[in-house]
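The block underneath contains the structure these notes are about, expressed in structure tokens.
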Amino acid sequence: MTDVFVNGSGGVWVDLGSGLVRVPELVAAESDWRQLAVRLLSLGGRHIDESTPCVDTRLEDGIRVHAVLPPVSPSGTLISIRLPRLEMVTIDFLQSDGFFDIVPRSVVTQLVARRENLLITGAGGSGKTTFLSALLASASRDERIIAIEDVAELRVDHPHFLALEARQANLEGAGAIGLERLVREALRMRPDRLVLGECRGAELRELLAALNTGHDGGAGTLHVNSLDDVPARIEALGAIAGMSPSAVARQAVSAIGTVLHLERTHGGRRLAAVGTFGLDHRDRLVVRRA
């Protein structure tokens with residue numbers, strides 16, 4: 001089981017690896033679903049109420065919980081639970097599972113060995129975090145890896161892997177620590193590899209700046225549906241950070257060596273395409289398939 005979804009009045013759905021199916025016997029009152037959301041998030045050290053109706057957290061063993069309360073959700077309390085594999089996923093496991101049927105494993109291992117800066121892209125549930133965890137586990141054991149995540153999900157079998165996790169504001173609205181600040185803090189910790197769990201906002205600017213100042217071997221993930229959509233997505237995040245399209249394009253070209261795009265089909269998750277960044281005649285970002 002990879003996911004559990006409580007859809008308020010829409011019932012409970014689970015993903016057993018082959019798509020979502022409804023569980024009709026799991027029924028509860030709206031007040032019970034709300035109490036469950038509050039309890040789960042409190043176990044992760046976060047709170048949810050009318051003033052903060054949308055919250056994300058991490059529980060033990062990398063379980064990720066996201067909840068939304070009414071009236072943001074008109075149909076009732078929504079809870080999304082992402083369940084990681086019980087065992088650490090390795091490159092060997094991915095190969096045996098058919099992950100490298102389209103793009104050979106040797107392509108990836110060579111990129112890691114020569115410390116290429118990587119951007120892993122794919123739609124939701126395509127396996128970006130799992131793949132990144134396996135890649136980092138294959139890095140040299142004498143390297144110091146520091147990861148920055150909104151909610152810590154990476155589970156890396158490496159003796160020198162460290163994670164920094166963002167923190168939401170307290171009930172008084174103070175104490176928040178965002179991804180942008182964590183990127184700057186990580187740079188003071190002398191990382192051999194700097195990793196951003198997912199680029200989703202203005203922190204893209206700090207990541208590109210860091211990877212452009214001699215920090216090779218880094219990586220990040222980006223939610224996008226296809227390899228061809230990557231430039232537009234990066235431009236959009238650059239705009240949030242106040243960067244012009246040409247500025248973010250030049251930063252991305254010099255900071256990121258290779259893009260690895262994942263896809264999820266009924267046959268499983270696959271490394272579907274490899275690309276590199278370049279500039280077009282307008283100094284706009286383009287991706288070229290390798």
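Naming works like this for the structure tokens: A, B, ... for the chains as they're shown, residue 1 at the start of each chain, ligands 1 onward in shown order.
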Hey, what does DSSP flag as strand (DSSP E or B) within stretch 7-212 of chain A? Can you give it to me as an NGL selection string? :A and (7 or 12-15 or 20-22 or 54-58 or 64-68 or 78-82 or 118-122 or 145-149 or 161-165 or 167 or 177 or 193-196)
If you run DSSP on this backbone, which residues of stretch 93-265 of chain A come out as alpha helix (DSSP H), and could you give them as an MDAnalysis selection string? chainID A and resid 93:96 105:113 128:137 179:187 203:211 230:240 245:255
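Across A:Glu206, A:Leu118, A:His160, A:Val224, the tightest approach to A:Phe277 is made by A:Leu118 when counting only C-alpha atoms.
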Identify, on the basis of only C-alpha atoms, every residue whose closest approach to A:Gly220 does not exceed 9 Å; exclude the query and any residue fewer than 3 positions from it along the same chain; express the result as a ChimeraX atom specification. /A:117-121,132,194-199,207
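Comparing A:Gly98, A:Pro71, A:Pro104, A:Gly125 by their smallest distance to A:Asp15, the closest is A:Gly125 (using only C-alpha atoms).
Nearest residue to A:His266 among A:Val89, A:Gly19, A:Val4, A:His223 is A:Gly19, counting only C-alpha atoms.
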Which residues are close to A:Leu204, i.e. within 12 Å by only C-alpha atoms, leaving aside same-chain residues fewer than 5 positions away? Reply as a ChimeraX atom specification. /A:119,148,179-181,183-184,195-199,209-211,219-222,233-243,248-249,251-252,255-256
Residues from last step as file, N, CA and C atoms, as an mmCIF file, in the first residue's frame:
```
data_model
loop_
_atom_site.group_PDB
_atom_site.id
_atom_site.type_symbol
_atom_site.label_atom_id
_atom_site.label_comp_id
_atom_site.auth_asym_id
_atom_site.auth_seq_id
_atom_site.Cartn_x
_atom_site.Cartn_y
_atom_site.Cartn_z
ATOM 1 N N LEU A 119 18.581 17.065 -11.732
ATOM 2 C CA LEU A 119 17.208 17.458 -11.441
ATOM 3 C C LEU A 119 16.313 16.283 -11.814
ATOM 4 N N ILE A 148 17.570 19.366 2.198
ATOM 5 C CA ILE A 148 16.611 20.342 2.702
ATOM 6 C C ILE A 148 15.241 19.959 2.177
ATOM 7 N N LEU A 179 12.235 27.048 3.427
ATOM 8 C CA LEU A 179 13.265 26.363 2.649
ATOM 9 C C LEU A 179 14.366 27.311 2.204
ATOM 10 N N GLU A 180 14.020 28.552 1.896
ATOM 11 C CA GLU A 180 15.042 29.504 1.455
ATOM 12 C C GLU A 180 16.118 29.670 2.524
ATOM 13 N N ARG A 181 15.699 29.833 3.774
ATOM 14 C CA ARG A 181 16.683 29.993 4.854
ATOM 15 C C ARG A 181 17.470 28.707 5.066
ATOM 16 N N VAL A 183 18.343 26.471 2.902
ATOM 17 C CA VAL A 183 19.389 26.339 1.892
ATOM 18 C C VAL A 183 20.619 27.135 2.314
ATOM 19 N N ARG A 184 20.410 28.348 2.796
ATOM 20 C CA ARG A 184 21.543 29.173 3.242
ATOM 21 C C ARG A 184 22.236 28.551 4.449
ATOM 22 N N VAL A 195 21.193 18.865 -1.452
ATOM 23 C CA VAL A 195 19.985 18.290 -2.043
ATOM 24 C C VAL A 195 18.772 19.076 -1.568
ATOM 25 N N LEU A 196 17.914 19.441 -2.510
ATOM 26 C CA LEU A 196 16.629 20.063 -2.177
ATOM 27 C C LEU A 196 15.534 19.071 -2.527
ATOM 28 N N GLY A 197 14.799 18.621 -1.513
ATOM 29 C CA GLY A 197 13.821 17.565 -1.710
ATOM 30 C C GLY A 197 12.843 17.846 -2.829
ATOM 31 N N GLU A 198 12.283 19.062 -2.872
ATOM 32 C CA GLU A 198 11.405 19.431 -3.977
ATOM 33 C C GLU A 198 11.442 20.938 -4.164
ATOM 34 N N CYS A 199 11.676 21.359 -5.394
ATOM 35 C CA CYS A 199 11.641 22.785 -5.734
ATOM 36 C C CYS A 199 10.191 23.162 -6.004
ATOM 37 N N ALA A 209 21.766 29.250 -7.171
ATOM 38 C CA ALA A 209 22.947 30.043 -6.784
ATOM 39 C C ALA A 209 23.988 29.157 -6.116
ATOM 40 N N ALA A 210 23.527 28.237 -5.256
ATOM 41 C CA ALA A 210 24.474 27.358 -4.556
ATOM 42 C C ALA A 210 25.175 26.427 -5.525
ATOM 43 N N LEU A 211 24.420 25.838 -6.451
ATOM 44 C CA LEU A 211 25.007 24.900 -7.404
ATOM 45 C C LEU A 211 25.897 25.598 -8.417
ATOM 46 N N ALA A 219 21.434 17.780 -6.055
ATOM 47 C CA ALA A 219 20.233 17.252 -6.719
ATOM 48 C C ALA A 219 18.998 17.935 -6.157
ATOM 49 N N GLY A 220 17.921 17.829 -6.921
ATOM 50 C CA GLY A 220 16.627 18.329 -6.492
ATOM 51 C C GLY A 220 15.549 17.626 -7.282
ATOM 52 N N THR A 221 14.311 17.743 -6.837
ATOM 53 C CA THR A 221 13.194 17.174 -7.578
ATOM 54 C C THR A 221 12.226 18.280 -7.952
ATOM 55 N N LEU A 222 11.469 18.029 -9.009
ATOM 56 C CA LEU A 222 10.533 19.020 -9.533
ATOM 57 C C LEU A 222 9.275 18.307 -10.005
ATOM 58 N N ARG A 233 8.023 25.173 -16.145
ATOM 59 C CA ARG A 233 7.867 25.053 -14.698
ATOM 60 C C ARG A 233 8.981 25.802 -13.971
ATOM 61 N N ILE A 234 10.199 25.682 -14.452
ATOM 62 C CA ILE A 234 11.314 26.383 -13.821
ATOM 63 C C ILE A 234 11.166 27.889 -13.987
ATOM 64 N N GLU A 235 10.715 28.345 -15.149
ATOM 65 C CA GLU A 235 10.476 29.776 -15.353
ATOM 66 C C GLU A 235 9.418 30.288 -14.374
ATOM 67 N N ALA A 236 8.379 29.499 -14.140
ATOM 68 C CA ALA A 236 7.323 29.908 -13.216
ATOM 69 C C ALA A 236 7.856 30.040 -11.793
ATOM 70 N N LEU A 237 8.684 29.079 -11.369
ATOM 71 C CA LEU A 237 9.279 29.166 -10.032
ATOM 72 C C LEU A 237 10.260 30.325 -9.948
ATOM 73 N N GLY A 238 10.985 30.567 -11.040
ATOM 74 C CA GLY A 238 11.893 31.712 -11.062
ATOM 75 C C GLY A 238 11.148 33.018 -10.923
ATOM 76 N N ALA A 239 9.973 33.116 -11.518
ATOM 77 C CA ALA A 239 9.167 34.332 -11.397
ATOM 78 C C ALA A 239 8.760 34.572 -9.946
ATOM 79 N N ILE A 240 8.430 33.501 -9.220
ATOM 80 C CA ILE A 240 8.098 33.632 -7.798
ATOM 81 C C ILE A 240 9.276 34.215 -7.026
ATOM 82 N N ALA A 241 10.490 33.844 -7.445
ATOM 83 C CA ALA A 241 11.700 34.324 -6.783
ATOM 84 C C ALA A 241 12.161 35.680 -7.312
ATOM 85 N N GLY A 242 11.386 36.267 -8.236
ATOM 86 C CA GLY A 242 11.741 37.573 -8.777
ATOM 87 C C GLY A 242 12.800 37.534 -9.853
ATOM 88 N N MET A 243 12.988 36.385 -10.499
ATOM 89 C CA MET A 243 13.990 36.234 -11.546
ATOM 90 C C MET A 243 13.326 36.327 -12.913
ATOM 91 N N VAL A 248 16.810 33.107 -15.017
ATOM 92 C CA VAL A 248 16.649 31.749 -14.492
ATOM 93 C C VAL A 248 17.159 30.728 -15.496
ATOM 94 N N ALA A 249 17.035 31.027 -16.794
ATOM 95 C CA ALA A 249 17.527 30.099 -17.817
ATOM 96 C C ALA A 249 19.034 29.963 -17.742
ATOM 97 N N GLN A 251 21.002 30.627 -15.210
ATOM 98 C CA GLN A 251 21.367 29.972 -13.952
ATOM 99 C C GLN A 251 21.157 28.467 -14.037
ATOM 100 N N ALA A 252 20.023 28.047 -14.612
ATOM 101 C CA ALA A 252 19.720 26.619 -14.699
ATOM 102 C C ALA A 252 20.693 25.891 -15.605
ATOM 103 N N ALA A 255 23.932 25.493 -13.699
ATOM 104 C CA ALA A 255 23.854 24.806 -12.409
ATOM 105 C C ALA A 255 23.500 23.336 -12.527
ATOM 106 N N ILE A 256 22.644 22.975 -13.480
ATOM 107 C CA ILE A 256 22.101 21.618 -13.552
ATOM 108 C C ILE A 256 22.626 20.919 -14.796
#
```
Quick one: which stretch 164-272 of chain A residues come within 12 Å of stretch 29-44 of chain A, and what is the nearest atom pair for each with the distance in Å to one decimal, counting only C-alpha atoms, rows ordered by chain and ascending number, as CSV?
```
residue,atom,partner,partner_atom,distance
A:Glu165,CA,A:Gly44,CA,12.0
A:Arg167,CA,A:Gly44,CA,11.2
A:Gln168,CA,A:Gly44,CA,11.7
```
Contacts of stretch 78-83 of chain A within 8 Å, only C-alpha atoms, excl. fewer than 5 positions in-chain, as a compact mmCIF listing (two decimals) with N, CA, C and O atoms, in the first residue's frame:
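This is the output file part.txt:
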```
# COMPACT_ATOMS: atom_id res chain seq x y z
N MET A 1 0.84 -1.19 0.00
CA MET A 1 0.00 0.00 0.00
C MET A 1 0.88 1.23 0.00
O MET A 1 1.77 1.36 0.83
N THR A 2 0.61 2.14 -0.94
CA THR A 2 1.44 3.34 -1.05
C THR A 2 0.72 4.59 -0.58
O THR A 2 1.37 5.54 -0.14
N ASP A 3 -0.61 4.63 -0.66
CA ASP A 3 -1.36 5.83 -0.30
C ASP A 3 -2.70 5.46 0.32
O ASP A 3 -3.32 4.46 -0.04
N VAL A 4 -3.13 6.31 1.27
CA VAL A 4 -4.48 6.23 1.85
C VAL A 4 -5.08 7.63 1.76
O VAL A 4 -4.43 8.61 2.15
N PHE A 5 -6.32 7.72 1.28
CA PHE A 5 -6.98 9.02 1.13
C PHE A 5 -8.34 8.99 1.82
O PHE A 5 -9.18 8.13 1.54
N VAL A 6 -8.53 9.94 2.73
CA VAL A 6 -9.84 10.18 3.32
C VAL A 6 -10.42 11.39 2.62
O VAL A 6 -9.87 12.49 2.69
N ASN A 7 -11.53 11.19 1.91
CA ASN A 7 -12.11 12.25 1.07
C ASN A 7 -13.37 12.84 1.67
O ASN A 7 -14.34 13.14 0.97
N GLY A 8 -13.39 13.01 2.99
CA GLY A 8 -14.57 13.57 3.63
C GLY A 8 -15.78 12.69 3.38
O GLY A 8 -15.77 11.49 3.65
N ALA A 37 -7.45 13.80 11.86
CA ALA A 37 -6.50 14.72 11.25
C ALA A 37 -5.71 15.48 12.31
O ALA A 37 -4.48 15.61 12.23
N GLY A 62 9.08 7.95 8.01
CA GLY A 62 8.88 8.65 6.75
C GLY A 62 7.44 8.71 6.26
O GLY A 62 7.20 9.08 5.11
N ILE A 63 6.48 8.36 7.10
CA ILE A 63 5.07 8.47 6.70
C ILE A 63 4.70 9.94 6.59
O ILE A 63 4.93 10.72 7.51
N ARG A 64 4.11 10.33 5.47
CA ARG A 64 3.76 11.73 5.24
C ARG A 64 2.26 11.90 5.31
O ARG A 64 1.51 11.12 4.71
N VAL A 65 1.82 12.92 6.04
CA VAL A 65 0.40 13.18 6.22
C VAL A 65 0.09 14.62 5.81
O VAL A 65 0.78 15.55 6.23
N HIS A 66 -0.93 14.78 4.99
CA HIS A 66 -1.42 16.11 4.62
C HIS A 66 -2.91 16.15 4.91
O HIS A 66 -3.64 15.20 4.62
N ALA A 67 -3.38 17.25 5.50
CA ALA A 67 -4.79 17.35 5.86
C ALA A 67 -5.32 18.74 5.51
O ALA A 67 -4.60 19.73 5.56
N VAL A 68 -6.61 18.77 5.17
CA VAL A 68 -7.31 20.02 4.85
C VAL A 68 -8.66 19.98 5.56
O VAL A 68 -9.40 18.99 5.47
N LEU A 69 -8.99 21.08 6.27
CA LEU A 69 -10.25 21.15 7.00
C LEU A 69 -11.27 22.03 6.26
O LEU A 69 -10.89 22.91 5.49
N SER A 73 -12.17 22.80 2.44
CA SER A 73 -12.65 21.60 1.78
C SER A 73 -14.16 21.47 2.03
O SER A 73 -14.57 21.04 3.12
```
Each residue of stretch 230-267 of chain A lying at most 7 Å from stretch 279-286 of chain A should get a row with its shortest atom-to-atom pair and the distance in Å to one decimal, counting only C-alpha atoms; could you produce that, ordered by chain and increasing number, as CSV?
```
residue,atom,partner,partner_atom,distance
A:Pro231,CA,A:Leu285,CA,5.5
A:Pro245,CA,A:Arg284,CA,6.3
A:Ser246,CA,A:Asp283,CA,5.4
A:Ala249,CA,A:Leu285,CA,4.7
```
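Proximity ranking of A:Glu149, A:Glu172, A:Glu60, A:Asp92 relative to A:Ala137 places A:Asp92 first, based on only C-alpha atoms.
Coordinates place atom CA of A:Ile177 at a distance of 27.3 Å from atom CA of A:Leu135.
Near A:Leu136, within a cut-off of 10 Å and counting only C-alpha atoms, sit the residues Thr90, Ile91, Val112, Phe131, Leu132, Ser133, Ala139, Ser140, Arg141, Ile145, Leu154, Arg155, Val156, Asp157, His158, Phe161, Arg193, Val195, Gly217, Gly218 and Ala219 of chain A, with same-chain residues fewer than 3 positions away left out.
Distances from A:Met189, A:Ser51, A:Leu162, A:Ser126 to A:Gly17 were compared using only C-alpha atoms, and the smallest one belongs to A:Ser126.
Nearest to A:Glu263 of all the residues A:Val14, A:Ala166, A:Ala123, A:Val23 is A:Ala123, counting only C-alpha atoms.
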